[in-house]
file start_4.cif (mmCIF, C-alpha atoms and all ligand atoms)
data_coords
loop_
_atom_site.group_PDB
_atom_site.id
_atom_site.type_symbol
_atom_site.label_atom_id
_atom_site.label_comp_id
_atom_site.auth_asym_id
_atom_site.auth_seq_id
_atom_site.Cartn_x
_atom_site.Cartn_y
_atom_site.Cartn_z
ATOM 1 C CA MET P 1 -50.135 29.974 52.091
ATOM 2 C CA LEU P 2 -52.136 32.837 50.644
ATOM 3 C CA THR P 3 -51.523 33.474 46.961
ATOM 4 C CA GLN P 4 -54.347 35.791 45.837
ATOM 5 C CA TRP P 5 -54.159 39.474 46.685
ATOM 6 C CA PRO P 6 -57.072 41.316 45.044
ATOM 7 C CA ALA P 7 -56.788 44.902 43.908
ATOM 8 C CA VAL P 8 -58.797 46.621 46.600
ATOM 9 C CA ASP P 9 -57.756 49.607 48.669
ATOM 10 C CA TRP P 10 -58.395 48.279 52.167
ATOM 11 C CA PHE P 11 -60.219 45.676 54.233
ATOM 12 C CA GLU P 12 -62.594 45.747 57.170
ATOM 13 C CA ALA P 13 -62.722 42.747 59.499
ATOM 14 C CA ILE P 14 -65.315 41.959 62.176
ATOM 15 C CA SER P 15 -63.353 42.338 65.411
ATOM 16 C CA GLU P 16 -65.187 39.591 67.290
ATOM 17 C CA ASN P 17 -64.470 37.043 64.545
ATOM 18 C CA PHE P 18 -60.776 37.306 65.336
ATOM 19 C CA MET P 19 -60.530 38.421 68.976
ATOM 20 C CA ASP P 20 -61.049 34.923 70.341
ATOM 21 C CA SER P 21 -59.382 32.974 67.588
ATOM 22 C CA GLY P 22 -55.787 32.032 67.127
ATOM 23 C CA GLY P 23 -54.395 29.702 64.526
ATOM 24 C CA ARG P 24 -55.201 30.137 60.878
ATOM 25 C CA PRO P 25 -57.952 32.825 61.113
ATOM 26 C CA ARG P 26 -55.684 35.148 63.046
ATOM 27 C CA TRP P 27 -52.756 34.315 60.794
ATOM 28 C CA VAL P 28 -54.839 35.170 57.717
ATOM 29 C CA LEU P 29 -55.808 38.492 59.274
ATOM 30 C CA ARG P 30 -52.178 39.296 60.025
ATOM 31 C CA GLU P 31 -51.248 38.470 56.435
ATOM 32 C CA VAL P 32 -53.992 40.798 55.175
ATOM 33 C CA ALA P 33 -52.925 43.513 57.600
ATOM 34 C CA GLU P 34 -49.375 43.355 56.326
ATOM 35 C CA ARG P 35 -50.516 44.058 52.772
ATOM 36 C CA TYR P 36 -53.562 46.338 53.089
ATOM 37 C CA PRO P 37 -54.835 49.060 55.397
ATOM 38 C CA LEU P 38 -57.190 47.320 57.834
ATOM 39 C CA VAL P 39 -60.156 48.559 59.878
ATOM 40 C CA LEU P 40 -61.593 46.588 62.814
ATOM 41 C CA HIS P 41 -65.401 46.623 62.865
ATOM 42 C CA GLY P 42 -66.996 45.740 66.204
ATOM 43 C CA VAL P 43 -70.520 44.537 66.968
ATOM 44 C CA SER P 44 -70.358 43.850 70.716
ATOM 45 C CA LEU P 45 -68.887 46.904 72.422
ATOM 46 C CA SER P 46 -72.391 47.822 73.655
ATOM 47 C CA ILE P 47 -71.462 51.454 74.134
ATOM 48 C CA GLY P 48 -75.021 52.373 75.145
ATOM 49 C CA SER P 49 -75.659 49.650 77.727
ATOM 50 C CA THR P 50 -76.129 50.383 81.414
ATOM 51 C CA ASP P 51 -73.839 47.474 82.226
ATOM 52 C CA PRO P 52 -70.277 48.482 83.070
ATOM 53 C CA LEU P 53 -67.973 48.383 80.074
ATOM 54 C CA ASN P 54 -66.635 44.874 79.584
ATOM 55 C CA ALA P 55 -62.982 45.115 80.586
ATOM 56 C CA ASP P 56 -62.228 41.635 79.294
ATOM 57 C CA TYR P 57 -63.709 42.465 75.887
ATOM 58 C CA LEU P 58 -61.801 45.725 75.701
ATOM 59 C CA GLY P 59 -58.580 43.994 76.683
ATOM 60 C CA ARG P 60 -58.941 41.448 73.908
ATOM 61 C CA LEU P 61 -59.850 44.179 71.410
ATOM 62 C CA LYS P 62 -56.794 46.193 72.400
ATOM 63 C CA ALA P 63 -54.561 43.147 72.051
ATOM 64 C CA LEU P 64 -55.946 42.422 68.583
ATOM 65 C CA ALA P 65 -55.443 46.044 67.579
ATOM 66 C CA ALA P 66 -51.855 45.957 68.826
ATOM 67 C CA GLU P 67 -51.268 42.904 66.662
ATOM 68 C CA VAL P 68 -52.861 43.963 63.369
ATOM 69 C CA LYS P 69 -52.506 47.740 63.746
ATOM 70 C CA PRO P 70 -55.835 48.864 62.243
ATOM 71 C CA VAL P 71 -56.151 52.322 60.763
ATOM 72 C CA TRP P 72 -59.098 52.714 63.125
ATOM 73 C CA VAL P 73 -61.514 50.738 65.308
ATOM 74 C CA ASN P 74 -65.264 51.185 64.942
ATOM 75 C CA ASP P 75 -68.533 49.951 66.447
ATOM 76 C CA HIS P 76 -72.185 51.019 66.583
ATOM 77 C CA LEU P 77 -74.261 53.568 68.489
ATOM 78 C CA CYS P 78 -76.389 50.951 70.230
ATOM 79 C CA TRP P 79 -76.548 48.526 73.100
ATOM 80 C CA THR P 80 -76.254 44.789 72.639
ATOM 81 C CA GLY P 81 -77.189 43.447 76.072
ATOM 82 C CA VAL P 82 -77.661 44.056 79.759
ATOM 83 C CA MET P 83 -76.978 42.196 83.026
ATOM 84 C CA GLY P 84 -74.149 40.350 81.338
ATOM 85 C CA LEU P 85 -76.299 38.914 78.571
ATOM 86 C CA ASN P 86 -75.491 39.479 74.896
ATOM 87 C CA ALA P 87 -78.565 39.768 72.661
ATOM 88 C CA HIS P 88 -76.346 39.578 69.578
ATOM 89 C CA ASP P 89 -78.334 42.392 68.064
ATOM 90 C CA LEU P 90 -77.739 46.111 67.672
ATOM 91 C CA LEU P 91 -80.491 47.617 69.821
ATOM 92 C CA PRO P 92 -81.592 51.280 69.617
ATOM 93 C CA LEU P 93 -81.197 53.931 72.284
ATOM 94 C CA PRO P 94 -83.568 56.690 73.402
ATOM 95 C CA LEU P 95 -81.853 59.793 72.055
ATOM 96 C CA THR P 96 -81.964 62.084 75.084
ATOM 97 C CA GLU P 97 -79.540 64.383 76.894
ATOM 98 C CA GLU P 98 -79.230 61.720 79.603
ATOM 99 C CA THR P 99 -78.291 59.078 77.054
ATOM 100 C CA LEU P 100 -75.832 61.461 75.431
ATOM 101 C CA SER P 101 -74.075 62.077 78.737
ATOM 102 C CA HIS P 102 -74.038 58.345 79.484
ATOM 103 C CA VAL P 103 -72.647 57.341 76.095
ATOM 104 C CA ALA P 104 -70.137 60.207 75.964
ATOM 105 C CA GLY P 105 -68.638 59.123 79.272
ATOM 106 C CA ARG P 106 -68.270 55.571 78.031
ATOM 107 C CA VAL P 107 -66.759 56.680 74.718
ATOM 108 C CA ARG P 108 -64.122 58.609 76.653
ATOM 109 C CA GLN P 109 -63.370 55.532 78.754
ATOM 110 C CA VAL P 110 -63.014 53.347 75.668
ATOM 111 C CA GLN P 111 -60.796 55.841 73.882
ATOM 112 C CA ASP P 112 -58.608 56.279 76.948
ATOM 113 C CA PHE P 113 -58.226 52.525 77.293
ATOM 114 C CA LEU P 114 -57.632 51.780 73.618
ATOM 115 C CA GLU P 115 -55.435 54.874 73.288
ATOM 116 C CA ARG P 116 -57.033 55.727 69.956
ATOM 117 C CA PRO P 117 -60.192 57.459 68.699
ATOM 118 C CA LEU P 118 -63.320 55.320 68.485
ATOM 119 C CA ILE P 119 -65.454 55.512 65.344
ATOM 120 C CA LEU P 120 -69.211 55.052 65.858
ATOM 121 C CA GLU P 121 -71.792 54.000 63.261
ATOM 122 C CA ASN P 122 -75.463 54.892 62.937
ATOM 123 C CA PRO P 123 -77.400 51.617 63.325
ATOM 124 C CA SER P 124 -80.460 50.411 61.437
ATOM 125 C CA THR P 125 -83.480 50.843 63.707
ATOM 126 C CA TYR P 126 -87.002 49.470 63.682
ATOM 127 C CA LEU P 127 -88.616 51.650 66.318
ATOM 128 C CA THR P 128 -88.236 55.072 67.865
ATOM 129 C CA PHE P 129 -88.605 56.112 71.482
ATOM 130 C CA ALA P 130 -91.268 58.640 72.472
ATOM 131 C CA GLN P 131 -88.694 59.993 74.942
ATOM 132 C CA SER P 132 -86.176 60.913 72.218
ATOM 133 C CA ALA P 133 -85.523 64.655 72.190
ATOM 134 C CA LEU P 134 -82.681 64.650 69.672
ATOM 135 C CA THR P 135 -82.491 63.405 66.111
ATOM 136 C CA GLU P 136 -79.860 60.771 65.408
ATOM 137 C CA PRO P 137 -77.676 63.237 63.432
ATOM 138 C CA GLU P 138 -77.932 65.734 66.309
ATOM 139 C CA PHE P 139 -77.037 63.048 68.856
ATOM 140 C CA LEU P 140 -74.042 61.831 66.864
ATOM 141 C CA GLY P 141 -72.875 65.383 66.239
ATOM 142 C CA TYR P 142 -72.943 66.270 69.936
ATOM 143 C CA LEU P 143 -71.252 62.976 70.768
ATOM 144 C CA ALA P 144 -68.440 63.624 68.305
ATOM 145 C CA ASP P 145 -67.997 67.193 69.575
ATOM 146 C CA GLU P 146 -67.884 66.106 73.223
ATOM 147 C CA THR P 147 -65.604 63.089 72.864
ATOM 148 C CA GLY P 148 -63.580 63.567 69.700
ATOM 149 C CA CYS P 149 -64.882 60.274 68.328
ATOM 150 C CA GLY P 150 -65.267 59.874 64.581
ATOM 151 C CA LEU P 151 -68.381 58.756 62.742
ATOM 152 C CA LEU P 152 -69.107 55.949 60.323
ATOM 153 C CA LEU P 153 -72.123 56.810 58.170
ATOM 154 C CA ASP P 154 -73.939 53.697 56.959
ATOM 155 C CA VAL P 155 -76.004 54.966 54.026
ATOM 156 C CA ASN P 156 -78.097 51.799 53.898
ATOM 157 C CA ASN P 157 -78.840 52.133 57.610
ATOM 158 C CA VAL P 158 -80.004 55.688 56.991
ATOM 159 C CA TYR P 159 -82.430 54.427 54.354
ATOM 160 C CA VAL P 160 -83.668 51.541 56.539
ATOM 161 C CA THR P 161 -84.082 53.671 59.660
ATOM 162 C CA CYS P 162 -85.833 56.497 57.818
ATOM 163 C CA PHE P 163 -88.244 54.160 56.018
ATOM 164 C CA ASN P 164 -89.092 52.343 59.242
ATOM 165 C CA SER P 165 -89.697 55.623 61.095
ATOM 166 C CA ASP P 166 -91.400 57.452 58.209
ATOM 167 C CA ALA P 167 -88.593 60.016 58.000
ATOM 168 C CA ASP P 168 -86.863 61.675 55.035
ATOM 169 C CA PRO P 169 -83.404 60.132 54.381
ATOM 170 C CA VAL P 170 -82.246 63.166 52.398
ATOM 171 C CA ALA P 171 -83.145 65.470 55.281
ATOM 172 C CA TYR P 172 -81.278 63.067 57.576
ATOM 173 C CA LEU P 173 -78.156 63.345 55.422
ATOM 174 C CA GLU P 174 -78.485 67.109 55.091
ATOM 175 C CA SER P 175 -78.360 67.422 58.878
ATOM 176 C CA PHE P 176 -75.531 64.935 59.448
ATOM 177 C CA PRO P 177 -72.336 66.185 61.174
ATOM 178 C CA TRP P 178 -70.132 65.655 58.127
ATOM 179 C CA SER P 179 -66.956 67.077 59.578
ATOM 180 C CA SER P 180 -66.694 64.013 61.842
ATOM 181 C CA VAL P 181 -67.343 61.376 59.166
ATOM 182 C CA VAL P 182 -64.327 59.181 58.410
ATOM 183 C CA GLN P 183 -66.004 56.173 56.788
ATOM 184 C CA ILE P 184 -69.100 55.156 54.810
ATOM 185 C CA HIS P 185 -70.867 51.764 54.659
ATOM 186 C CA LEU P 186 -73.013 50.430 51.841
ATOM 187 C CA ALA P 187 -75.147 47.261 52.018
ATOM 188 C CA GLY P 188 -78.259 45.540 50.686
ATOM 189 C CA HIS P 189 -81.554 45.206 52.543
ATOM 190 C CA GLN P 190 -84.821 43.268 52.390
ATOM 191 C CA HIS P 191 -87.941 45.342 51.721
ATOM 192 C CA CYS P 192 -90.965 43.768 53.405
ATOM 193 C CA GLY P 193 -93.548 46.305 52.273
ATOM 194 C CA THR P 194 -94.434 47.762 55.634
ATOM 195 C CA HIS P 195 -90.842 47.761 56.889
ATOM 196 C CA ILE P 196 -87.263 47.101 55.807
ATOM 197 C CA ILE P 197 -84.830 44.642 57.385
ATOM 198 C CA ASP P 198 -81.106 45.366 57.231
ATOM 199 C CA THR P 199 -80.035 41.953 55.921
ATOM 200 C CA HIS P 200 -76.705 42.588 54.147
ATOM 201 C CA ASP P 201 -77.555 39.683 51.844
ATOM 202 C CA ARG P 202 -78.013 41.249 48.419
ATOM 203 C CA SER P 203 -76.869 44.071 46.178
ATOM 204 C CA VAL P 204 -77.293 47.717 47.103
ATOM 205 C CA GLN P 205 -80.725 49.097 46.222
ATOM 206 C CA PRO P 206 -80.979 52.012 43.751
ATOM 207 C CA ALA P 207 -82.390 54.410 46.346
ATOM 208 C CA VAL P 208 -79.391 53.712 48.582
ATOM 209 C CA TRP P 209 -76.987 54.356 45.710
ATOM 210 C CA GLU P 210 -78.628 57.743 45.217
ATOM 211 C CA LEU P 211 -78.134 58.532 48.890
ATOM 212 C CA TYR P 212 -74.531 57.413 48.539
ATOM 213 C CA ARG P 213 -73.978 59.907 45.748
ATOM 214 C CA LEU P 214 -75.038 62.663 48.141
ATOM 215 C CA ALA P 215 -73.121 61.212 51.096
ATOM 216 C CA TRP P 216 -69.936 60.824 49.128
ATOM 217 C CA ALA P 217 -69.991 64.436 48.043
ATOM 218 C CA ARG P 218 -70.915 65.792 51.462
ATOM 219 C CA SER P 219 -68.265 63.721 53.238
ATOM 220 C CA GLY P 220 -65.541 65.069 51.009
ATOM 221 C CA GLY P 221 -64.628 61.542 50.012
ATOM 222 C CA ALA P 222 -64.787 59.249 53.039
ATOM 223 C CA SER P 223 -63.476 55.691 52.669
ATOM 224 C CA THR P 224 -66.296 53.416 51.543
ATOM 225 C CA LEU P 225 -66.952 49.772 52.382
ATOM 226 C CA LEU P 226 -69.592 47.362 51.031
ATOM 227 C CA GLU P 227 -70.972 45.008 53.690
ATOM 228 C CA TRP P 228 -72.261 41.599 52.543
ATOM 229 C CA ASP P 229 -72.880 39.053 55.302
ATOM 230 C CA GLY P 230 -75.485 36.593 53.930
ATOM 231 C CA ASN P 231 -75.980 34.841 50.571
ATOM 232 C CA ILE P 232 -72.406 35.857 49.888
ATOM 233 C CA PRO P 233 -71.722 35.819 46.134
ATOM 234 C CA SER P 234 -68.514 35.001 44.324
ATOM 235 C CA PHE P 235 -65.717 37.439 44.892
ATOM 236 C CA ALA P 236 -66.070 38.569 41.280
ATOM 237 C CA GLU P 237 -69.738 39.492 41.761
ATOM 238 C CA TYR P 238 -69.018 41.165 45.055
ATOM 239 C CA HIS P 239 -66.143 43.146 43.613
ATOM 240 C CA ALA P 240 -68.244 44.299 40.653
ATOM 241 C CA GLU P 241 -70.896 45.605 43.047
ATOM 242 C CA LEU P 242 -68.223 47.301 45.064
ATOM 243 C CA LEU P 243 -66.759 49.044 42.050
ATOM 244 C CA ARG P 244 -70.122 50.639 41.298
ATOM 245 C CA ALA P 245 -69.308 52.952 44.192
ATOM 246 C CA LYS P 246 -66.507 54.483 42.170
ATOM 247 C CA LEU P 247 -68.974 55.380 39.432
ATOM 248 C CA TYR P 248 -71.171 57.198 41.932
ATOM 249 C CA MET P 249 -68.127 58.956 43.329
ATOM 250 C CA ASP P 250 -67.580 60.469 39.919
ATOM 251 C CA GLY P 251 -71.143 61.769 39.949
ATOM 252 C CA ASN P 252 -71.944 60.420 36.502
ATOM 253 C CA PHE P 253 -73.192 56.900 37.109
ATOM 254 C CA ASP P 254 -74.531 55.182 34.018
ATOM 255 C CA PRO P 255 -75.829 51.597 34.486
ATOM 256 C CA GLU P 256 -74.389 50.745 31.060
ATOM 257 C CA GLN P 257 -70.925 51.377 32.481
ATOM 258 C CA MET P 258 -71.286 48.752 35.181
ATOM 259 C CA ILE P 259 -68.114 46.823 35.645
ATOM 260 C CA THR P 260 -68.934 43.143 35.333
ATOM 261 C CA THR P 261 -65.742 41.557 34.023
ATOM 262 C CA PRO P 262 -63.245 41.020 36.821
ATOM 263 C CA SER P 263 -59.734 39.887 36.203
ATOM 264 C CA PRO P 264 -58.979 36.144 36.387
ATOM 265 C CA GLN P 265 -57.125 36.753 39.627
ATOM 266 C CA GLU P 266 -60.127 38.428 41.188
ATOM 267 C CA GLU P 267 -62.377 35.667 39.866
ATOM 268 C CA SER P 268 -60.499 33.024 41.804
ATOM 269 C CA VAL P 269 -60.393 34.738 45.151
ATOM 270 C CA SER P 270 -62.581 33.544 47.981
ATOM 271 C CA ASN P 271 -63.117 36.445 50.316
ATOM 272 C CA PRO P 272 -62.819 35.554 53.998
ATOM 273 C CA VAL P 273 -63.396 38.933 55.493
ATOM 274 C CA ASP P 274 -65.815 41.746 55.340
ATOM 275 C CA PHE P 275 -64.569 44.119 52.741
ATOM 276 C CA LEU P 276 -64.226 47.254 50.927
ATOM 277 C CA VAL P 277 -63.300 49.778 48.494
ATOM 278 C CA PRO P 278 -61.698 52.782 48.351
ATOM 279 C CA THR P 279 -60.981 56.202 48.457
ATOM 280 C CA VAL P 280 -59.523 58.645 50.628
ATOM 281 C CA MET P 281 -56.258 58.875 52.469
ATOM 282 C CA GLU P 282 -57.184 57.168 55.688
ATOM 283 C CA GLN P 283 -54.414 58.775 57.700
ATOM 284 C CA THR P 284 -55.487 62.210 56.568
ATOM 285 C CA VAL P 285 -59.007 61.512 57.688
ATOM 286 C CA LEU P 286 -57.853 60.277 61.065
ATOM 287 C CA GLU P 287 -56.035 63.500 61.690
ATOM 288 C CA ASN P 288 -59.381 65.228 61.499
ATOM 289 C CA VAL P 289 -60.886 63.083 64.229
HETATM 290 FE FE FE J 1 -72.808 49.181 58.512
#
call {"tool": "encode", "arguments": {"input": "start_4.cif", "output": "structure tokens", "more": "lines below"}}
Ligand SMILES: [Fe+2]
result
Amino acid sequence: MLTQWPAVDWFEAISENFMDSGGRPRWVLREVAERYPLVLHGVSLSIGSTDPLNADYLGRLKALAAEVKPVWVNDHLCWTGVMGLNAHDLLPLPLTEETLSHVAGRVRQVQDFLERPLILENPSTYLTFAQSALTEPEFLGYLADETGCGLLLDVNNVYVTCFNSDADPVAYLESFPWSSVVQIHLAGHQHCGTHIIDTHDRSVQPAVWELYRLAWARSGGASTLLEWDGNIPSFAEYHAELLRAKLYMDGNFDPEQMITTPSPQEESVSNPVDFLVPTVMEQTVLENV
């Protein structure tokens, strides 16, 4: 029996962690879904692959969505495998007109099958293709216009991608198709000097918080989630980091105001799912998709 219900606005759960599981994990997710708005976050749709869409995967995703009724379903602009193999990594795409046409057709197929809009996230990348003729914001903007999909802007991914490709993250954000953004991600990364790895295993870096301040304002207040997938701290520490987002939303962040004293209830909670905070009216945002 679950007895701790922390004061957060909504949850995000990794779709694949629950698609194949029954029993207690699925029961816990249903319990969460009954009490909080829930978003399903996918990592294996492989929307950019040249393999046919995986009908079995989509069927299981649709069944899970029917059961827990997520506010929306998201995944990444990437490919995760080919010839039936899953690399278990979010691999980059050459951003060309040909790729755009290919991905747009698959997004339409997915949306038709799931009978709901798909939300796509900008991935962290570690290389660029010489063939790319479009910037990532341009590509995502065209994709949203052509398919009606929504966008998930991962601010940390913007920072990682721009550092690794020697690009300006502020210019990236300035050119982003904001009218299609329904969600924001925050996360920590590992700086290796010559490159950055998107590790999700530590607190959000100051430069990413500054980008978040800009992203929050430009998005008009998109729902924000903090990803933390490795070296997971206590719920209290996680929640304190999460609540920093609210300070940046107000535009007057002062490190001295950091919230570090969670309630006893929050202190005792062990967080089983990937999480978030807060903000906007999710249903209102969906209507804009
Ligand atoms: Fe993300």
call {"tool": "closest_atom_pairs", "arguments": {"input": "start_4.cif", "of": "range 48-109 of chain P", "to": "range 18-40 of chain P", "cutoff": "8 Å", "atoms": "all atoms listed in the file", "output": "tab-separated table"}}
result
residue	atom	partner	partner_atom	distance
P:Arg60	CA	P:Met19	CA	6.0
P:Leu61	CA	P:Met19	CA	6.3
P:Leu64	CA	P:Met19	CA	6.1
P:Ala65	CA	P:Leu40	CA	7.8
P:Glu67	CA	P:Arg30	CA	7.6
P:Val68	CA	P:Arg30	CA	5.8
P:Lys69	CA	P:Ala33	CA	7.5
P:Pro70	CA	P:Leu38	CA	4.9
P:Val71	CA	P:Val39	CA	5.6
P:Trp72	CA	P:Val39	CA	5.4
P:Val73	CA	P:Leu40	CA	4.8
P:Asn74	CA	P:Leu40	CA	6.3
call {"tool": "write_last_selection", "arguments": {"input": "start_4.cif", "atoms": "C-alpha atoms", "output": "PDB file, in the coordinates of the input"}}
result
ATOM      1  CA  ARG P  60     -58.941  41.448  73.908  1.00  0.00           C
ATOM      2  CA  LEU P  61     -59.850  44.179  71.410  1.00  0.00           C
ATOM      3  CA  LEU P  64     -55.946  42.422  68.583  1.00  0.00           C
ATOM      4  CA  ALA P  65     -55.443  46.044  67.579  1.00  0.00           C
ATOM      5  CA  GLU P  67     -51.268  42.904  66.662  1.00  0.00           C
ATOM      6  CA  VAL P  68     -52.861  43.963  63.369  1.00  0.00           C
ATOM      7  CA  LYS P  69     -52.506  47.740  63.746  1.00  0.00           C
ATOM      8  CA  PRO P  70     -55.835  48.864  62.243  1.00  0.00           C
ATOM      9  CA  VAL P  71     -56.151  52.322  60.763  1.00  0.00           C
ATOM     10  CA  TRP P  72     -59.098  52.714  63.125  1.00  0.00           C
ATOM     11  CA  VAL P  73     -61.514  50.738  65.308  1.00  0.00           C
ATOM     12  CA  ASN P  74     -65.264  51.185  64.942  1.00  0.00           C
TER      13      ASN P  74
END
call {"tool": "residues_near_ligand", "arguments": {"input": "start_4.cif", "ligand": "ligand FE 1 (chain J)", "cutoff": "9 Å", "atoms": "all atoms listed in the file", "output": "ChimeraX atom specification"}}
result
/P:41,76,121-124,152-157,184-187,200,225-227
call {"tool": "atom_distance", "arguments": {"input": "start_4.cif", "atom1": "CA of Glu138 in chain P", "atom2": "CA of Arg108 in chain P"}}
result
18.7 Å
call {"tool": "closest_residue", "arguments": {"input": "start_4.cif", "among": "P:Thr125, P:Gln183, P:Gln190, P:Ser132", "to": "Cys162 in chain P", "atoms": "all atoms listed in the file"}}
result
P:Thr125
call {"tool": "resolve_selection", "arguments": {"input": "start_4.cif", "expression": "the PyMOL selection byres (((chain P and resi 216) around 12) and not hetatm)", "output": "ChimeraX atom specification"}}
result
/P:153-155,173,178,181-186,208-215,217-225,245-251,278-280
call {"tool": "build_atoms", "arguments": {"input": "start_4.cif", "residues": "range 199-217 of chain P", "atoms": "N, CA and C atoms", "output": "PDB file, keeping the file's coordinate frame"}}
result
ATOM      1  N   THR P 199     -80.486  43.340  56.017  1.00  0.00           N
ATOM      2  CA  THR P 199     -80.035  41.953  55.921  1.00  0.00           C
ATOM      3  C   THR P 199     -78.608  41.761  55.415  1.00  0.00           C
ATOM      4  N   HIS P 200     -78.070  42.727  54.698  1.00  0.00           N
ATOM      5  CA  HIS P 200     -76.705  42.588  54.147  1.00  0.00           C
ATOM      6  C   HIS P 200     -76.564  41.320  53.300  1.00  0.00           C
ATOM      7  N   ASP P 201     -77.596  40.954  52.570  1.00  0.00           N
ATOM      8  CA  ASP P 201     -77.555  39.683  51.844  1.00  0.00           C
ATOM      9  C   ASP P 201     -77.837  39.819  50.356  1.00  0.00           C
ATOM     10  N   ARG P 202     -77.730  41.031  49.850  1.00  0.00           N
ATOM     11  CA  ARG P 202     -78.013  41.249  48.419  1.00  0.00           C
ATOM     12  C   ARG P 202     -77.347  42.548  47.987  1.00  0.00           C
ATOM     13  N   SER P 203     -77.512  42.872  46.709  1.00  0.00           N
ATOM     14  CA  SER P 203     -76.869  44.071  46.178  1.00  0.00           C
ATOM     15  C   SER P 203     -77.525  45.330  46.742  1.00  0.00           C
ATOM     16  N   VAL P 204     -76.824  46.423  46.590  1.00  0.00           N
ATOM     17  CA  VAL P 204     -77.293  47.717  47.103  1.00  0.00           C
ATOM     18  C   VAL P 204     -78.481  48.194  46.260  1.00  0.00           C
ATOM     19  N   GLN P 205     -79.526  48.659  46.928  1.00  0.00           N
ATOM     20  CA  GLN P 205     -80.725  49.097  46.222  1.00  0.00           C
ATOM     21  C   GLN P 205     -80.511  50.473  45.587  1.00  0.00           C
ATOM     22  N   PRO P 206     -81.182  50.743  44.457  1.00  0.00           N
ATOM     23  CA  PRO P 206     -80.979  52.012  43.751  1.00  0.00           C
ATOM     24  C   PRO P 206     -81.158  53.250  44.635  1.00  0.00           C
ATOM     25  N   ALA P 207     -82.162  53.234  45.501  1.00  0.00           N
ATOM     26  CA  ALA P 207     -82.390  54.410  46.346  1.00  0.00           C
ATOM     27  C   ALA P 207     -81.207  54.659  47.277  1.00  0.00           C
ATOM     28  N   VAL P 208     -80.557  53.563  47.698  1.00  0.00           N
ATOM     29  CA  VAL P 208     -79.391  53.712  48.582  1.00  0.00           C
ATOM     30  C   VAL P 208     -78.197  54.247  47.788  1.00  0.00           C
ATOM     31  N   TRP P 209     -78.057  53.795  46.555  1.00  0.00           N
ATOM     32  CA  TRP P 209     -76.987  54.356  45.710  1.00  0.00           C
ATOM     33  C   TRP P 209     -77.174  55.859  45.543  1.00  0.00           C
ATOM     34  N   GLU P 210     -78.393  56.302  45.383  1.00  0.00           N
ATOM     35  CA  GLU P 210     -78.628  57.743  45.217  1.00  0.00           C
ATOM     36  C   GLU P 210     -78.255  58.503  46.488  1.00  0.00           C
ATOM     37  N   LEU P 211     -78.556  57.900  47.639  1.00  0.00           N
ATOM     38  CA  LEU P 211     -78.134  58.532  48.890  1.00  0.00           C
ATOM     39  C   LEU P 211     -76.614  58.542  48.995  1.00  0.00           C
ATOM     40  N   TYR P 212     -75.997  57.475  48.492  1.00  0.00           N
ATOM     41  CA  TYR P 212     -74.531  57.413  48.539  1.00  0.00           C
ATOM     42  C   TYR P 212     -73.910  58.536  47.721  1.00  0.00           C
ATOM     43  N   ARG P 213     -74.504  58.819  46.583  1.00  0.00           N
ATOM     44  CA  ARG P 213     -73.978  59.907  45.748  1.00  0.00           C
ATOM     45  C   ARG P 213     -73.915  61.210  46.562  1.00  0.00           C
ATOM     46  N   LEU P 214     -74.990  61.463  47.307  1.00  0.00           N
ATOM     47  CA  LEU P 214     -75.038  62.663  48.141  1.00  0.00           C
ATOM     48  C   LEU P 214     -74.038  62.561  49.292  1.00  0.00           C
ATOM     49  N   ALA P 215     -74.001  61.386  49.937  1.00  0.00           N
ATOM     50  CA  ALA P 215     -73.121  61.212  51.096  1.00  0.00           C
ATOM     51  C   ALA P 215     -71.658  61.333  50.714  1.00  0.00           C
ATOM     52  N   TRP P 216     -71.329  60.758  49.583  1.00  0.00           N
ATOM     53  CA  TRP P 216     -69.936  60.824  49.128  1.00  0.00           C
ATOM     54  C   TRP P 216     -69.498  62.269  48.941  1.00  0.00           C
ATOM     55  N   ALA P 217     -70.336  63.039  48.296  1.00  0.00           N
ATOM     56  CA  ALA P 217     -69.991  64.436  48.043  1.00  0.00           C
ATOM     57  C   ALA P 217     -69.907  65.228  49.347  1.00  0.00           C
TER      58      ALA P 217
END
